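Enquirer: Have a look at this one before I ask anything.
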Amino acid sequence: MSLLTQVNKIDCGANGTLGAGLAGCRIDWERTVLMGAIKQRGYVFTQEIDLDYIRSLEQSGIVDILQGIVSFVDQTADDTIITREGSGLKRVAGKMPYEKVATFDNGVNFQKAITSLSSYNSYDLFFMDVNNNMWFTSTKSGEFKGFTAGMFEAGKYLNGDGTNAASQTITFQLVNRYEIDQQLSWITSDNLDFSSEDLQGVNEVLVSIDPIAALSTTIVVDAYLLDGTHSVDGLLTTDWELTRNGVILAQTVVQSPTTKKYTFTVTANTAADVVTARIKNTVLTPLGTLYKSNTATAVVV
């Protein structure tokens, strides 16, 4: 399936037609449950949109997936309308950009993540609704892309108070009205091989290195999610990058089933060597979970 055969198609039977009338099947953007922040402004989708493609955009750092939207509220200002004196005739002087507030229930670490994303004129955005339809826009030349965002700002963290649950918010503007009013584009769930639940954000991992002794032939590393509660299990040799004095190390790795530590077998370490370890941003576990980590550093003693 090509991208052109996916977009703006409704599976409603052979006699359905699109146009200004109502003979065709109707589609509406329902409750939003997920957004994707495209960090390359103007990025154009280049192929069929499927799960592998979206994950590849995440792995390459082009897209951040923000899932778990529990409320999506419109707070677009009214259009500016002027009234001519004497005649009383009214005219629209300006149309305001769309403004939305997305609310999440994803915890403190998610608040930290969206705060780091706060920006202005940095992203294009796409969305998925509760029916697993995907929403984006098109250019006048017929290419498909995300909506152009202006302000994209994390709100204050609201803790639970016994009446209301804790929440995190993002307020953003879609600055080009025509991208929705005239060029709104979509792919229905029937033409996608994934649902919103299949898309996940990239998980931050804290990597640390145990002390390394001179002449040893192993490097021992811990890898835990940022909250420190869960080890990252099942990573393979190809998921890691180890360096010594700036040179990538050839290595094999085994994870302990009890301590959850990763032990790398390498050539002998020498005193004062500088060793680094990180999980590659391209890692994708068999369960579809994406990870990226800090770069941990240790000096051989």
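Order determines the names: the first chain of the structure tokens is A, the second B, and so forth; residues in each chain are numbered 1 upward, and ligands are numbered 1 upward as they are shown.
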Could you list, as number ranges by chain, every residue within 12 Å of A:Glu58, counting only C-alpha atoms and ignoring same-chain residues fewer than 4 positions away?
Expert: A: 36-40, 51-54, 62-66, 199-203, 281-284, 288-292
Enquirer: Considering only alpha helix (DSSP H) as DSSP defines it on the backbone, what residues of stretch 119-288 of chain A qualify? List them as an NGL selection string.
Expert: :A and (178-181)
Enquirer: Give me the residues near A:Asn245 as a PyMOL selection string, where near means some atom within 9 Å (using only C-alpha atoms) and where sequence neighbours in that chain fewer than 6 positions away do not count.
Expert: chain A and resi 273-276
Enquirer: Kindly indicate which residue among A:Thr76, A:Ser2, A:Thr171, A:Asn132 lies nearest to A:Ser119, using only C-alpha atoms for the distances.
Expert: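 Closest residue, counting only C-alpha atoms: A:Thr171.
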Enquirer: Hey, what's within 9 Å of A:Ser116 if we count only C-alpha atoms and toss same-chain stuff fewer than 4 positions away? As a ChimeraX atom specification, please?
Expert: /A:111-112,154
Enquirer: Mind writing the picked residues with N, CA and C atoms as a PDB file, in the first residue's frame?
Expert:
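Saved result, out_32.pdb, follows:
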```
ATOM      1  N   GLN A 111       6.040  14.594  33.451  1.00  0.00           N
ATOM      2  CA  GLN A 111       6.093  16.048  33.581  1.00  0.00           C
ATOM      3  C   GLN A 111       7.480  16.565  33.222  1.00  0.00           C
ATOM      4  N   LYS A 112       8.511  15.874  33.689  1.00  0.00           N
ATOM      5  CA  LYS A 112       9.878  16.281  33.363  1.00  0.00           C
ATOM      6  C   LYS A 112      10.124  16.190  31.865  1.00  0.00           C
ATOM      7  N   ALA A 154       4.589  23.051  28.324  1.00  0.00           N
ATOM      8  CA  ALA A 154       4.105  22.236  29.436  1.00  0.00           C
ATOM      9  C   ALA A 154       3.551  23.140  30.520  1.00  0.00           C
TER      10      ALA A 154
END
```
Enquirer: Quick one: residues within 12 Å of A:Asp28, only C-alpha atoms, excluding same-chain residues fewer than 5 positions away - as a ChimeraX atom specification?
Expert: /A:8,10,128-135,184-188
Enquirer: Can you list every residue in stretch 105-191 of chain A that DSSP puts in strand (DSSP E or B), as a ChimeraX atom specification?
Expert: /A:119-120,124-129,134-138,144-145,147-154,158,167-174,184-187
Enquirer: Take the residues from that selection and write them out as an mmCIF file, in the first residue's frame, keeping C-alpha atoms.
Expert:
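Written output follows (part-v1.cif):
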```cif
data_model
loop_
_atom_site.group_PDB
_atom_site.id
_atom_site.type_symbol
_atom_site.label_atom_id
_atom_site.label_comp_id
_atom_site.auth_asym_id
_atom_site.auth_seq_id
_atom_site.Cartn_x
_atom_site.Cartn_y
_atom_site.Cartn_z
ATOM 1 C CA SER A 119 9.425 25.373 22.917
ATOM 2 C CA TYR A 120 8.222 27.809 20.280
ATOM 3 C CA ASP A 124 4.907 19.788 13.651
ATOM 4 C CA LEU A 125 2.193 17.645 15.253
ATOM 5 C CA PHE A 126 0.033 14.717 14.272
ATOM 6 C CA PHE A 127 -2.724 13.076 16.318
ATOM 7 C CA MET A 128 -4.664 9.860 16.789
ATOM 8 C CA ASP A 129 -8.226 9.751 18.046
ATOM 9 C CA MET A 134 -4.648 9.406 12.365
ATOM 10 C CA TRP A 135 -4.913 13.152 11.665
ATOM 11 C CA PHE A 136 -2.411 15.469 9.960
ATOM 12 C CA THR A 137 -2.374 17.967 7.088
ATOM 13 C CA SER A 138 -1.223 18.357 3.508
ATOM 14 C CA PHE A 144 1.565 15.087 3.793
ATOM 15 C CA LYS A 145 2.963 16.471 7.042
ATOM 16 C CA PHE A 147 0.312 20.548 11.660
ATOM 17 C CA THR A 148 2.597 23.528 12.204
ATOM 18 C CA ALA A 149 2.848 24.293 15.917
ATOM 19 C CA GLY A 150 3.812 27.619 17.462
ATOM 20 C CA MET A 151 3.709 27.682 21.244
ATOM 21 C CA PHE A 152 4.179 24.228 22.764
ATOM 22 C CA GLU A 153 4.357 24.618 26.499
ATOM 23 C CA ALA A 154 4.105 22.236 29.436
ATOM 24 C CA LEU A 158 -0.901 19.319 39.485
ATOM 25 C CA SER A 167 -2.177 15.572 35.981
ATOM 26 C CA GLN A 168 0.190 17.079 33.451
ATOM 27 C CA THR A 169 -0.775 19.433 30.643
ATOM 28 C CA ILE A 170 0.550 20.792 27.369
ATOM 29 C CA THR A 171 -0.911 23.948 25.836
ATOM 30 C CA PHE A 172 -0.130 24.483 22.168
ATOM 31 C CA GLN A 173 -1.217 26.451 19.131
ATOM 32 C CA LEU A 174 -1.620 25.229 15.563
ATOM 33 C CA LEU A 184 -7.071 18.456 7.042
ATOM 34 C CA SER A 185 -6.008 14.919 6.116
ATOM 35 C CA TRP A 186 -6.468 11.565 7.762
ATOM 36 C CA ILE A 187 -5.887 7.841 7.606
#
```
Enquirer: Interatomic distance between atom CA of A:Ile69 and atom CA of A:Leu192?
Expert: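 So the answer is 20.1 Å.
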Enquirer: Between atom CA of A:Ala296 and atom CA of A:Thr237, what is the spacing in Å?
Expert: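 Calculated distance between atom CA of A:Thr237 and atom CA of A:Ala296 is 16.7 Å.
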Enquirer: Rank A:Glu143, A:Glu30, A:Glu48, A:Glu204 by their smallest atom-to-atom distance to A:Asn191, using only C-alpha atoms, and report the top residue only.
Expert: A:Glu48
Enquirer: Can you tell me how far atom CA of A:Gln183 sits from atom CA of A:Val7, in Å to one decimal?
Expert: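 So the answer is 11.8 Å.
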Enquirer: Counting only C-alpha atoms, what is within 8 Å of stretch 262-268 of chain A, bar same-chain residues fewer than 5 positions away, as a list in words?
Expert: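 Here the qualifying residues turn out to be Ala214, Leu215, Ser216, Thr217, Thr218, Ile219, Val220, Val221, Asp222, Ala223, Leu249, Ala250, Gln251, Thr252, Val253, Val254, Gln255 and Ser256 of chain A.
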Enquirer: Since we have the selection now, will you write its residues out, keeping N, CA and C atoms, as a compact mmCIF listing (two decimals), in the first residue's frame?
Expert:
```txt
# COMPACT_ATOMS: atom_id res chain seq x y z
N ALA A 214 42.12 -2.49 36.94
CA ALA A 214 43.14 -2.67 35.90
C ALA A 214 43.41 -4.16 35.69
N LEU A 215 43.65 -4.54 34.45
CA LEU A 215 43.93 -5.90 33.99
C LEU A 215 42.69 -6.79 33.92
N SER A 216 41.55 -6.30 34.41
CA SER A 216 40.33 -7.09 34.30
C SER A 216 39.87 -7.13 32.84
N THR A 217 39.09 -8.15 32.53
CA THR A 217 38.57 -8.29 31.15
C THR A 217 37.04 -8.20 31.11
N THR A 218 36.48 -7.57 32.14
CA THR A 218 35.02 -7.39 32.17
C THR A 218 34.68 -5.96 32.53
N ILE A 219 33.52 -5.54 32.09
CA ILE A 219 32.92 -4.26 32.48
C ILE A 219 31.49 -4.57 32.89
N VAL A 220 31.09 -4.16 34.10
CA VAL A 220 29.78 -4.49 34.64
C VAL A 220 28.93 -3.21 34.69
N VAL A 221 27.72 -3.32 34.17
CA VAL A 221 26.88 -2.14 33.98
C VAL A 221 25.47 -2.43 34.51
N ASP A 222 24.88 -1.42 35.14
CA ASP A 222 23.46 -1.44 35.52
C ASP A 222 22.67 -0.61 34.53
N ALA A 223 21.43 -1.03 34.26
CA ALA A 223 20.53 -0.25 33.40
C ALA A 223 19.13 -0.30 34.00
N LEU A 249 34.42 -0.44 21.64
CA LEU A 249 34.94 -1.73 22.06
C LEU A 249 34.13 -2.87 21.45
N ALA A 250 34.83 -3.87 20.94
CA ALA A 250 34.18 -5.14 20.61
C ALA A 250 33.90 -5.85 21.92
N GLN A 251 32.70 -6.42 22.07
CA GLN A 251 32.33 -7.01 23.35
C GLN A 251 31.24 -8.05 23.16
N THR A 252 31.11 -8.88 24.16
CA THR A 252 29.96 -9.78 24.29
C THR A 252 29.35 -9.50 25.66
N VAL A 253 28.06 -9.74 25.80
CA VAL A 253 27.39 -9.36 27.03
C VAL A 253 26.48 -10.48 27.52
N VAL A 254 26.40 -10.59 28.85
CA VAL A 254 25.49 -11.53 29.51
C VAL A 254 24.83 -10.78 30.66
N GLN A 255 23.51 -10.95 30.81
CA GLN A 255 22.80 -10.33 31.93
C GLN A 255 22.55 -11.35 33.02
N SER A 256 22.86 -10.99 34.26
CA SER A 256 22.60 -11.88 35.38
C SER A 256 21.11 -11.95 35.66
```
